[in-house]
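**Q** This is final_23.cif, which holds mmCIF, N, CA and C atoms:
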```
data_structure
#
loop_
_atom_site.label_atom_id
_atom_site.label_comp_id
_atom_site.auth_asym_id
_atom_site.auth_seq_id
_atom_site.Cartn_x
_atom_site.Cartn_y
_atom_site.Cartn_z
N MET A 11 7.69 36.61 -41.09
CA MET A 11 8.42 35.60 -41.82
C MET A 11 9.91 35.81 -41.58
N ARG A 12 10.63 34.69 -41.45
CA ARG A 12 12.06 34.77 -41.17
C ARG A 12 12.85 34.96 -42.45
N CYS A 13 13.95 35.64 -42.33
CA CYS A 13 14.86 35.85 -43.46
C CYS A 13 16.15 35.11 -43.15
N PHE A 14 16.58 34.22 -44.05
CA PHE A 14 17.77 33.43 -43.82
C PHE A 14 18.84 33.81 -44.84
N ILE A 15 20.06 33.80 -44.37
CA ILE A 15 21.17 34.11 -45.24
C ILE A 15 21.59 32.86 -46.01
N SER A 16 21.49 31.69 -45.37
CA SER A 16 21.93 30.46 -46.02
C SER A 16 20.79 29.45 -46.09
N ALA A 17 20.96 28.49 -46.97
CA ALA A 17 19.96 27.43 -47.11
C ALA A 17 19.99 26.51 -45.89
N ALA A 18 21.14 26.38 -45.23
CA ALA A 18 21.25 25.52 -44.05
C ALA A 18 20.36 26.05 -42.93
N GLY A 19 20.30 27.35 -42.76
CA GLY A 19 19.44 27.93 -41.73
C GLY A 19 17.98 27.70 -42.06
N CYS A 20 17.62 27.77 -43.31
CA CYS A 20 16.25 27.53 -43.74
C CYS A 20 15.88 26.08 -43.51
N ARG A 21 16.79 25.15 -43.81
CA ARG A 21 16.52 23.73 -43.64
C ARG A 21 16.31 23.41 -42.16
N ALA A 22 17.11 23.98 -41.28
CA ALA A 22 16.95 23.75 -39.84
C ALA A 22 15.60 24.25 -39.37
N PHE A 23 15.17 25.40 -39.88
CA PHE A 23 13.88 25.95 -39.48
C PHE A 23 12.74 25.07 -39.96
N THR A 24 12.78 24.63 -41.21
CA THR A 24 11.69 23.80 -41.73
C THR A 24 11.67 22.44 -41.09
N THR A 25 12.85 21.90 -40.74
CA THR A 25 12.90 20.61 -40.05
C THR A 25 12.25 20.72 -38.69
N SER A 26 12.56 21.77 -37.93
CA SER A 26 11.95 21.91 -36.61
C SER A 26 10.46 22.20 -36.74
N LEU A 27 10.05 22.91 -37.77
CA LEU A 27 8.63 23.16 -37.99
C LEU A 27 7.90 21.87 -38.30
N ARG A 28 8.50 21.04 -39.14
CA ARG A 28 7.90 19.75 -39.48
C ARG A 28 7.80 18.87 -38.23
N ARG A 29 8.82 18.89 -37.37
CA ARG A 29 8.81 18.11 -36.14
C ARG A 29 7.68 18.58 -35.23
N ASN A 30 7.51 19.90 -35.10
CA ASN A 30 6.43 20.44 -34.28
C ASN A 30 5.07 20.04 -34.82
N GLU A 31 4.91 20.04 -36.14
CA GLU A 31 3.65 19.61 -36.73
C GLU A 31 3.38 18.15 -36.45
N GLU A 32 4.42 17.32 -36.52
CA GLU A 32 4.27 15.90 -36.23
C GLU A 32 3.86 15.68 -34.78
N GLU A 33 4.48 16.40 -33.86
CA GLU A 33 4.13 16.27 -32.45
C GLU A 33 2.69 16.71 -32.20
N THR A 34 2.27 17.78 -32.86
CA THR A 34 0.89 18.26 -32.72
C THR A 34 -0.09 17.23 -33.24
N MET A 35 0.20 16.64 -34.39
CA MET A 35 -0.68 15.61 -34.96
C MET A 35 -0.73 14.39 -34.05
N LYS A 36 0.40 14.04 -33.45
CA LYS A 36 0.44 12.90 -32.54
C LYS A 36 -0.45 13.16 -31.32
N LYS A 37 -0.38 14.37 -30.78
CA LYS A 37 -1.21 14.73 -29.63
C LYS A 37 -2.69 14.70 -29.99
N ILE A 38 -3.03 15.18 -31.20
CA ILE A 38 -4.43 15.17 -31.62
C ILE A 38 -4.93 13.73 -31.74
N TRP A 39 -4.13 12.85 -32.34
CA TRP A 39 -4.54 11.46 -32.46
C TRP A 39 -4.70 10.81 -31.09
N ILE A 40 -3.81 11.12 -30.16
CA ILE A 40 -3.92 10.55 -28.82
C ILE A 40 -5.21 11.04 -28.15
N MET A 41 -5.53 12.32 -28.32
CA MET A 41 -6.75 12.86 -27.71
C MET A 41 -7.99 12.25 -28.36
N LEU A 42 -7.93 11.89 -29.62
CA LEU A 42 -9.07 11.28 -30.29
C LEU A 42 -9.20 9.79 -30.00
N ILE A 43 -8.08 9.10 -29.89
CA ILE A 43 -8.09 7.64 -29.74
C ILE A 43 -8.16 7.21 -28.28
N ALA A 44 -7.52 7.93 -27.37
CA ALA A 44 -7.40 7.49 -25.98
C ALA A 44 -8.74 7.34 -25.26
N PRO A 45 -9.66 8.32 -25.31
CA PRO A 45 -10.91 8.13 -24.58
C PRO A 45 -11.74 6.93 -25.03
N PRO A 46 -11.96 6.72 -26.34
CA PRO A 46 -12.71 5.52 -26.71
C PRO A 46 -11.96 4.23 -26.38
N ALA A 47 -10.64 4.25 -26.48
CA ALA A 47 -9.86 3.06 -26.15
C ALA A 47 -9.98 2.75 -24.65
N LEU A 48 -9.98 3.76 -23.82
CA LEU A 48 -10.13 3.56 -22.38
C LEU A 48 -11.50 2.99 -22.05
N VAL A 49 -12.54 3.53 -22.67
CA VAL A 49 -13.90 3.02 -22.45
C VAL A 49 -13.99 1.57 -22.89
N LEU A 50 -13.43 1.26 -24.06
CA LEU A 50 -13.45 -0.12 -24.56
C LEU A 50 -12.68 -1.05 -23.62
N PHE A 51 -11.53 -0.60 -23.15
CA PHE A 51 -10.72 -1.39 -22.22
C PHE A 51 -11.50 -1.70 -20.95
N VAL A 52 -12.13 -0.69 -20.35
CA VAL A 52 -12.90 -0.88 -19.12
C VAL A 52 -14.08 -1.81 -19.37
N TRP A 53 -14.77 -1.61 -20.48
CA TRP A 53 -15.94 -2.44 -20.78
C TRP A 53 -15.53 -3.91 -20.98
N VAL A 54 -14.46 -4.15 -21.76
CA VAL A 54 -14.04 -5.53 -22.03
C VAL A 54 -13.62 -6.23 -20.75
N PHE A 55 -12.81 -5.60 -19.94
CA PHE A 55 -12.34 -6.25 -18.73
C PHE A 55 -13.46 -6.41 -17.71
N GLY A 56 -14.39 -5.46 -17.64
CA GLY A 56 -15.55 -5.63 -16.77
C GLY A 56 -16.39 -6.81 -17.20
N GLU A 57 -16.61 -6.96 -18.50
CA GLU A 57 -17.37 -8.09 -19.01
C GLU A 57 -16.65 -9.41 -18.75
N VAL A 58 -15.35 -9.44 -18.95
CA VAL A 58 -14.59 -10.67 -18.72
C VAL A 58 -14.69 -11.09 -17.26
N VAL A 59 -14.50 -10.15 -16.34
CA VAL A 59 -14.60 -10.47 -14.90
C VAL A 59 -16.00 -10.95 -14.56
N MET A 60 -17.01 -10.26 -15.07
CA MET A 60 -18.39 -10.63 -14.77
C MET A 60 -18.70 -12.04 -15.28
N HIS A 61 -18.32 -12.34 -16.51
CA HIS A 61 -18.63 -13.66 -17.07
C HIS A 61 -17.84 -14.77 -16.38
N LEU A 62 -16.57 -14.52 -16.07
CA LEU A 62 -15.80 -15.54 -15.34
C LEU A 62 -16.40 -15.79 -13.96
N TRP A 63 -16.75 -14.74 -13.25
CA TRP A 63 -17.37 -14.89 -11.93
C TRP A 63 -18.67 -15.68 -12.05
N ASN A 64 -19.54 -15.24 -12.95
CA ASN A 64 -20.85 -15.86 -13.07
C ASN A 64 -20.77 -17.28 -13.63
N TRP A 65 -19.70 -17.62 -14.30
CA TRP A 65 -19.54 -18.96 -14.83
C TRP A 65 -18.98 -19.91 -13.78
N LEU A 66 -18.00 -19.43 -12.98
CA LEU A 66 -17.29 -20.32 -12.07
C LEU A 66 -17.81 -20.31 -10.63
N LEU A 67 -17.93 -19.16 -10.03
CA LEU A 67 -18.14 -19.10 -8.59
C LEU A 67 -19.51 -19.57 -8.12
N PRO A 68 -20.60 -19.28 -8.81
CA PRO A 68 -21.88 -19.83 -8.34
C PRO A 68 -21.89 -21.36 -8.37
N MET A 69 -21.26 -21.94 -9.39
CA MET A 69 -21.26 -23.39 -9.50
C MET A 69 -20.32 -24.02 -8.48
N LEU A 70 -19.15 -23.42 -8.23
CA LEU A 70 -18.17 -24.00 -7.31
C LEU A 70 -18.50 -23.76 -5.84
N PHE A 71 -18.91 -22.52 -5.51
CA PHE A 71 -19.09 -22.16 -4.11
C PHE A 71 -20.52 -21.79 -3.75
N GLY A 72 -21.40 -21.73 -4.72
CA GLY A 72 -22.78 -21.37 -4.44
C GLY A 72 -22.98 -19.87 -4.22
N TRP A 73 -22.04 -19.06 -4.68
CA TRP A 73 -22.17 -17.61 -4.53
C TRP A 73 -23.13 -17.07 -5.56
N ARG A 74 -23.59 -15.83 -5.33
CA ARG A 74 -24.55 -15.19 -6.23
C ARG A 74 -23.90 -14.70 -7.52
N LEU A 75 -24.74 -14.47 -8.51
CA LEU A 75 -24.27 -13.84 -9.75
C LEU A 75 -24.02 -12.36 -9.48
N ILE A 76 -23.11 -11.75 -10.26
CA ILE A 76 -22.83 -10.33 -10.09
C ILE A 76 -23.18 -9.58 -11.38
N THR A 77 -23.35 -8.27 -11.23
CA THR A 77 -23.65 -7.42 -12.38
C THR A 77 -22.35 -6.85 -12.94
N PHE A 78 -22.47 -6.17 -14.06
CA PHE A 78 -21.32 -5.53 -14.69
C PHE A 78 -20.67 -4.53 -13.75
N TRP A 79 -21.48 -3.73 -13.05
CA TRP A 79 -20.94 -2.69 -12.16
C TRP A 79 -20.24 -3.31 -10.96
N GLN A 80 -20.76 -4.43 -10.48
CA GLN A 80 -20.08 -5.12 -9.39
C GLN A 80 -18.74 -5.69 -9.86
N ALA A 81 -18.69 -6.15 -11.11
CA ALA A 81 -17.43 -6.65 -11.67
C ALA A 81 -16.42 -5.52 -11.78
N LEU A 82 -16.87 -4.33 -12.21
CA LEU A 82 -15.96 -3.19 -12.26
C LEU A 82 -15.46 -2.84 -10.86
N GLY A 83 -16.34 -2.91 -9.88
CA GLY A 83 -15.94 -2.67 -8.50
C GLY A 83 -14.88 -3.66 -8.04
N LEU A 84 -15.03 -4.92 -8.44
CA LEU A 84 -14.01 -5.92 -8.11
C LEU A 84 -12.67 -5.59 -8.76
N LEU A 85 -12.71 -5.15 -10.01
CA LEU A 85 -11.47 -4.75 -10.68
C LEU A 85 -10.78 -3.62 -9.94
N VAL A 86 -11.54 -2.62 -9.54
CA VAL A 86 -10.96 -1.48 -8.82
C VAL A 86 -10.41 -1.93 -7.47
N LEU A 87 -11.16 -2.77 -6.77
CA LEU A 87 -10.72 -3.27 -5.47
C LEU A 87 -9.42 -4.07 -5.62
N CYS A 88 -9.35 -4.93 -6.63
CA CYS A 88 -8.12 -5.71 -6.85
C CYS A 88 -6.96 -4.80 -7.20
N ARG A 89 -7.23 -3.76 -7.96
CA ARG A 89 -6.17 -2.81 -8.31
C ARG A 89 -5.63 -2.11 -7.06
N ILE A 90 -6.54 -1.73 -6.17
CA ILE A 90 -6.12 -1.06 -4.94
C ILE A 90 -5.33 -2.01 -4.05
N LEU A 91 -5.84 -3.24 -3.88
CA LEU A 91 -5.21 -4.17 -2.95
C LEU A 91 -3.92 -4.77 -3.48
N PHE A 92 -3.88 -5.10 -4.77
CA PHE A 92 -2.75 -5.85 -5.29
C PHE A 92 -1.88 -5.07 -6.27
N GLY A 93 -2.41 -4.06 -6.94
CA GLY A 93 -1.66 -3.40 -7.99
C GLY A 93 -1.10 -2.06 -7.62
N GLY A 94 -1.72 -1.37 -6.70
CA GLY A 94 -1.30 -0.01 -6.40
C GLY A 94 -1.69 0.92 -7.51
N TRP A 95 -1.34 2.18 -7.40
CA TRP A 95 -1.70 3.16 -8.42
C TRP A 95 -0.50 3.66 -9.19
N GLY A 96 0.72 3.28 -8.80
CA GLY A 96 1.90 3.80 -9.47
C GLY A 96 2.37 2.98 -10.65
N GLY A 97 1.89 1.78 -10.81
CA GLY A 97 2.39 0.98 -11.88
C GLY A 97 3.67 0.30 -11.52
N GLY A 98 4.22 -0.56 -12.34
CA GLY A 98 5.41 -1.29 -12.04
C GLY A 98 6.69 -0.62 -12.38
N SER A 99 6.64 0.40 -13.23
CA SER A 99 7.87 1.04 -13.67
C SER A 99 8.52 1.86 -12.58
N ASN A 100 7.76 2.47 -11.70
CA ASN A 100 8.36 3.31 -10.65
C ASN A 100 9.19 2.47 -9.70
N GLY A 101 8.73 1.27 -9.39
CA GLY A 101 9.50 0.41 -8.50
C GLY A 101 10.82 0.01 -9.11
N SER A 102 10.82 -0.27 -10.42
CA SER A 102 12.07 -0.66 -11.05
C SER A 102 13.04 0.51 -11.13
N LYS A 103 12.52 1.73 -11.34
CA LYS A 103 13.39 2.92 -11.33
C LYS A 103 14.02 3.08 -9.95
N TYR A 104 13.22 2.88 -8.91
CA TYR A 104 13.70 3.02 -7.55
C TYR A 104 14.81 2.01 -7.28
N ARG A 105 14.59 0.75 -7.67
CA ARG A 105 15.61 -0.27 -7.45
C ARG A 105 16.88 0.02 -8.25
N ARG A 106 16.72 0.50 -9.48
CA ARG A 106 17.88 0.82 -10.30
C ARG A 106 18.70 1.94 -9.67
N ARG A 107 17.99 2.99 -9.17
CA ARG A 107 18.72 4.09 -8.53
C ARG A 107 19.44 3.62 -7.28
N LYS A 108 18.78 2.74 -6.50
CA LYS A 108 19.44 2.20 -5.30
C LYS A 108 20.67 1.40 -5.69
N GLY A 109 20.55 0.59 -6.77
CA GLY A 109 21.70 -0.20 -7.23
C GLY A 109 22.84 0.69 -7.69
N GLU A 110 22.51 1.77 -8.41
CA GLU A 110 23.55 2.70 -8.85
C GLU A 110 24.22 3.37 -7.66
N ARG A 111 23.42 3.74 -6.66
CA ARG A 111 24.00 4.36 -5.47
C ARG A 111 24.92 3.37 -4.75
N TRP A 112 24.50 2.10 -4.68
CA TRP A 112 25.31 1.07 -4.03
C TRP A 112 26.63 0.89 -4.78
N GLU A 113 26.59 0.89 -6.10
CA GLU A 113 27.80 0.72 -6.89
C GLU A 113 28.77 1.88 -6.70
N ARG A 114 28.27 3.08 -6.45
CA ARG A 114 29.14 4.24 -6.26
C ARG A 114 29.77 4.27 -4.86
N MET A 115 29.25 3.48 -3.92
CA MET A 115 29.78 3.50 -2.55
C MET A 115 31.14 2.81 -2.49
N THR A 116 31.98 3.32 -1.61
CA THR A 116 33.25 2.64 -1.34
C THR A 116 32.95 1.46 -0.40
N PRO A 117 33.90 0.51 -0.29
CA PRO A 117 33.67 -0.62 0.62
C PRO A 117 33.42 -0.17 2.07
N ASP A 118 34.08 0.90 2.52
CA ASP A 118 33.85 1.40 3.88
C ASP A 118 32.43 1.95 4.03
N GLU A 119 31.97 2.67 3.00
CA GLU A 119 30.61 3.21 3.05
C GLU A 119 29.59 2.09 3.05
N ARG A 120 29.86 1.04 2.27
CA ARG A 120 28.94 -0.11 2.24
C ARG A 120 28.85 -0.78 3.61
N GLU A 121 30.01 -0.97 4.23
CA GLU A 121 30.01 -1.60 5.55
C GLU A 121 29.30 -0.72 6.58
N GLY A 122 29.50 0.58 6.49
CA GLY A 122 28.79 1.49 7.39
C GLY A 122 27.28 1.42 7.18
N PHE A 123 26.87 1.31 5.93
CA PHE A 123 25.45 1.20 5.63
C PHE A 123 24.90 -0.12 6.18
N ARG A 124 25.65 -1.20 6.02
CA ARG A 124 25.21 -2.50 6.56
C ARG A 124 25.04 -2.42 8.08
N GLU A 125 26.02 -1.82 8.75
CA GLU A 125 25.93 -1.68 10.21
C GLU A 125 24.73 -0.85 10.61
N TRP A 126 24.47 0.22 9.90
CA TRP A 126 23.32 1.08 10.19
C TRP A 126 22.01 0.30 10.01
N MET A 127 21.93 -0.50 8.94
CA MET A 127 20.73 -1.30 8.71
C MET A 127 20.57 -2.37 9.79
N ARG A 128 21.66 -2.99 10.19
CA ARG A 128 21.58 -4.01 11.25
C ARG A 128 21.09 -3.39 12.56
N SER A 129 21.55 -2.18 12.86
CA SER A 129 21.11 -1.54 14.10
C SER A 129 19.62 -1.18 14.02
N ARG A 130 19.14 -0.82 12.85
CA ARG A 130 17.72 -0.47 12.69
C ARG A 130 16.84 -1.71 12.70
N CYS A 131 17.36 -2.84 12.17
CA CYS A 131 16.54 -4.04 12.01
C CYS A 131 16.73 -5.04 13.13
N GLY A 132 17.40 -4.67 14.19
CA GLY A 132 17.54 -5.54 15.35
C GLY A 132 18.47 -6.71 15.13
N GLY A 133 19.50 -6.55 14.33
CA GLY A 133 20.49 -7.61 14.14
C GLY A 133 20.12 -8.61 13.08
N VAL A 134 19.04 -8.40 12.35
CA VAL A 134 18.68 -9.32 11.28
C VAL A 134 19.71 -9.20 10.17
N GLY A 135 20.19 -10.32 9.68
CA GLY A 135 21.16 -10.30 8.60
C GLY A 135 22.59 -10.20 9.08
N THR A 136 22.85 -10.40 10.37
CA THR A 136 24.23 -10.36 10.85
C THR A 136 24.90 -11.67 10.48
N PRO A 137 26.15 -11.63 10.13
CA PRO A 137 26.88 -12.87 9.81
C PRO A 137 26.89 -13.79 11.02
N PRO A 138 26.96 -15.12 10.82
CA PRO A 138 26.92 -16.07 11.95
C PRO A 138 28.01 -15.84 12.98
N SER A 139 29.17 -15.34 12.59
CA SER A 139 30.26 -15.11 13.55
C SER A 139 29.94 -13.97 14.50
N GLU A 140 29.01 -13.06 14.10
CA GLU A 140 28.72 -11.93 14.95
C GLU A 140 27.45 -12.12 15.79
N THR A 141 26.78 -13.25 15.65
CA THR A 141 25.55 -13.46 16.43
C THR A 141 25.91 -13.64 17.88
N ARG A 142 25.02 -13.12 18.72
CA ARG A 142 25.24 -13.21 20.16
C ARG A 142 24.71 -14.53 20.68
N GLU A 143 25.47 -15.16 21.52
CA GLU A 143 25.04 -16.41 22.16
C GLU A 143 24.20 -16.05 23.39
N PRO A 144 23.12 -16.81 23.65
CA PRO A 144 22.33 -16.52 24.85
C PRO A 144 23.13 -16.78 26.10
N ALA A 145 22.96 -15.95 27.13
CA ALA A 145 23.75 -16.04 28.35
C ALA A 145 23.27 -17.11 29.27
#
```
Re-express the file's structure as structure tokens.
**A**
Amino acid sequence: MRCFISAAGCRAFTTSLRRNEEETMKKIWIMLIAPPALVLFVWVFGEVVMHLWNWLLPMLFGWRLITFWQALGLLVLCRILFGGWGGGSNGSKYRRRKGERWERMTPDEREGFREWMRSRCGGVGTPPSETREPA
């Protein structure tokens, strides 16, 4: 047990202890709620895809009905092809960092970067005054 000389030191200790208890309780709730929520999420979206497919596509195109597991496979395939695995936030962080880096560049550094990009991209994006006329 800790011994404190002042009440302020005791208050700081109990506040941090209370904060640690709150964080622990939050983690416990997440561990209890997250797995059933994930199962429910997968089940609902699998059912939605299956019912939409079975309602629309056989009637419109004459395709076969699909099962729940095939609908889940379609969800995973669409995620791989169109969504990626990183989510949308990483791309926005990347763009923000690039924008911040661009803002920190001097005009000379910006022009050097533009020239470097033009040389890599085969002259794409060159101003009309700098385009080469065919011989």
**Q** Rounded to one decimal, what separation in Å do you get between atom N of Met41 in chain A and CA of Val58 in chain A?
**A**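 We find that atom N of Met41 in chain A and CA of Val58 in chain A lie 26.5 Å from each other.
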**Q** Give me the residues near Leu85 in chain A as a compact mmCIF listing (two decimals) with N, CA and C atoms, in the frame of the given file, where near means some atom within 8 Å (using only N, CA and C atoms) and where sequence neighbours in that chain fewer than 5 positions away do not count.
**A**
```txt
# COMPACT_ATOMS: atom_id res chain seq x y z
N PHE A 55 -12.81 -5.60 -19.94
CA PHE A 55 -12.34 -6.25 -18.73
C PHE A 55 -13.46 -6.41 -17.71
N GLY A 56 -14.39 -5.46 -17.64
CA GLY A 56 -15.55 -5.63 -16.77
C GLY A 56 -16.39 -6.81 -17.20
N VAL A 59 -14.50 -10.15 -16.34
CA VAL A 59 -14.60 -10.47 -14.90
C VAL A 59 -16.00 -10.95 -14.56
N TRP A 79 -21.48 -3.73 -13.05
CA TRP A 79 -20.94 -2.69 -12.16
C TRP A 79 -20.24 -3.31 -10.96
N GLN A 80 -20.76 -4.43 -10.48
CA GLN A 80 -20.08 -5.12 -9.39
C GLN A 80 -18.74 -5.69 -9.86
N ILE A 90 -6.54 -1.73 -6.17
CA ILE A 90 -6.12 -1.06 -4.94
C ILE A 90 -5.33 -2.01 -4.05
N LEU A 91 -5.84 -3.24 -3.88
CA LEU A 91 -5.21 -4.17 -2.95
C LEU A 91 -3.92 -4.77 -3.48
```
**Q** Once you count only C-alpha atoms, which residues end up no further than 10 Å from (-16.1, -0.2, -17.2) in the file's frame, shown as a list in words?
**A** Leu48, Val49, Leu50, Phe51, Val52, Trp53, Val54, Phe55, Gly56, Glu57, Phe78, Trp79, Ala81, Leu82, Gly83, Leu85 and Val86 of chain A
**Q** Keeping only N, CA and C atoms, write the selected residues to a file as an mmCIF file, in the coordinates of the input.
**A**
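Here's the written file result.cif:
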```cif
data_model
loop_
_atom_site.group_PDB
_atom_site.id
_atom_site.type_symbol
_atom_site.label_atom_id
_atom_site.label_comp_id
_atom_site.auth_asym_id
_atom_site.auth_seq_id
_atom_site.Cartn_x
_atom_site.Cartn_y
_atom_site.Cartn_z
ATOM 1 N N LEU A 48 -9.980 3.760 -23.820
ATOM 2 C CA LEU A 48 -10.130 3.560 -22.380
ATOM 3 C C LEU A 48 -11.500 2.990 -22.050
ATOM 4 N N VAL A 49 -12.540 3.530 -22.670
ATOM 5 C CA VAL A 49 -13.900 3.020 -22.450
ATOM 6 C C VAL A 49 -13.990 1.570 -22.890
ATOM 7 N N LEU A 50 -13.430 1.260 -24.060
ATOM 8 C CA LEU A 50 -13.450 -0.120 -24.560
ATOM 9 C C LEU A 50 -12.680 -1.050 -23.620
ATOM 10 N N PHE A 51 -11.530 -0.600 -23.150
ATOM 11 C CA PHE A 51 -10.720 -1.390 -22.220
ATOM 12 C C PHE A 51 -11.500 -1.700 -20.950
ATOM 13 N N VAL A 52 -12.130 -0.690 -20.350
ATOM 14 C CA VAL A 52 -12.900 -0.880 -19.120
ATOM 15 C C VAL A 52 -14.080 -1.810 -19.370
ATOM 16 N N TRP A 53 -14.770 -1.610 -20.480
ATOM 17 C CA TRP A 53 -15.940 -2.440 -20.780
ATOM 18 C C TRP A 53 -15.530 -3.910 -20.980
ATOM 19 N N VAL A 54 -14.460 -4.150 -21.760
ATOM 20 C CA VAL A 54 -14.040 -5.530 -22.030
ATOM 21 C C VAL A 54 -13.620 -6.230 -20.750
ATOM 22 N N PHE A 55 -12.810 -5.600 -19.940
ATOM 23 C CA PHE A 55 -12.340 -6.250 -18.730
ATOM 24 C C PHE A 55 -13.460 -6.410 -17.710
ATOM 25 N N GLY A 56 -14.390 -5.460 -17.640
ATOM 26 C CA GLY A 56 -15.550 -5.630 -16.770
ATOM 27 C C GLY A 56 -16.390 -6.810 -17.200
ATOM 28 N N GLU A 57 -16.610 -6.960 -18.500
ATOM 29 C CA GLU A 57 -17.370 -8.090 -19.010
ATOM 30 C C GLU A 57 -16.650 -9.410 -18.750
ATOM 31 N N PHE A 78 -22.470 -6.170 -14.060
ATOM 32 C CA PHE A 78 -21.320 -5.530 -14.690
ATOM 33 C C PHE A 78 -20.670 -4.530 -13.750
ATOM 34 N N TRP A 79 -21.480 -3.730 -13.050
ATOM 35 C CA TRP A 79 -20.940 -2.690 -12.160
ATOM 36 C C TRP A 79 -20.240 -3.310 -10.960
ATOM 37 N N ALA A 81 -18.690 -6.150 -11.110
ATOM 38 C CA ALA A 81 -17.430 -6.650 -11.670
ATOM 39 C C ALA A 81 -16.420 -5.520 -11.780
ATOM 40 N N LEU A 82 -16.870 -4.330 -12.210
ATOM 41 C CA LEU A 82 -15.960 -3.190 -12.260
ATOM 42 C C LEU A 82 -15.460 -2.840 -10.860
ATOM 43 N N GLY A 83 -16.340 -2.910 -9.880
ATOM 44 C CA GLY A 83 -15.940 -2.670 -8.500
ATOM 45 C C GLY A 83 -14.880 -3.660 -8.040
ATOM 46 N N LEU A 85 -12.710 -5.150 -10.010
ATOM 47 C CA LEU A 85 -11.470 -4.750 -10.680
ATOM 48 C C LEU A 85 -10.780 -3.620 -9.940
ATOM 49 N N VAL A 86 -11.540 -2.620 -9.540
ATOM 50 C CA VAL A 86 -10.960 -1.480 -8.820
ATOM 51 C C VAL A 86 -10.410 -1.930 -7.470
#
```
**Q** One number please: atom N of Phe123 in chain A to CA of Arg111 in chain A, in Å, one decimal.
**A** 12.1 Å
**Q** Separation of CA of His61 in chain A and atom C of Arg74 in chain A, in Å?
**A**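 Result for CA of His61 in chain A versus atom C of Arg74 in chain A: 11.0 Å, one decimal.
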**Q** Please return the centre and edge lengths, in Å to one decimal, of a box with edges along x, y and z that contains all listed atoms of range 50-66 of chain A, widened by 5 Å on every side, as AutoDock Vina command-line options.
**A**
```
--center_x -15.8 --center_y -9.5 --center_z -17.6 --size_x 20.1 --size_y 31.6 --size_z 23.9
```
**Q** List every residue of range 30-145 of chain A that DSSP, applied to the backbone of this structure, assigns to helix (DSSP H, G or I), and report them as a ChimeraX atom specification.
**A** /A:30-71,78-93,99-114,117-130,138-140
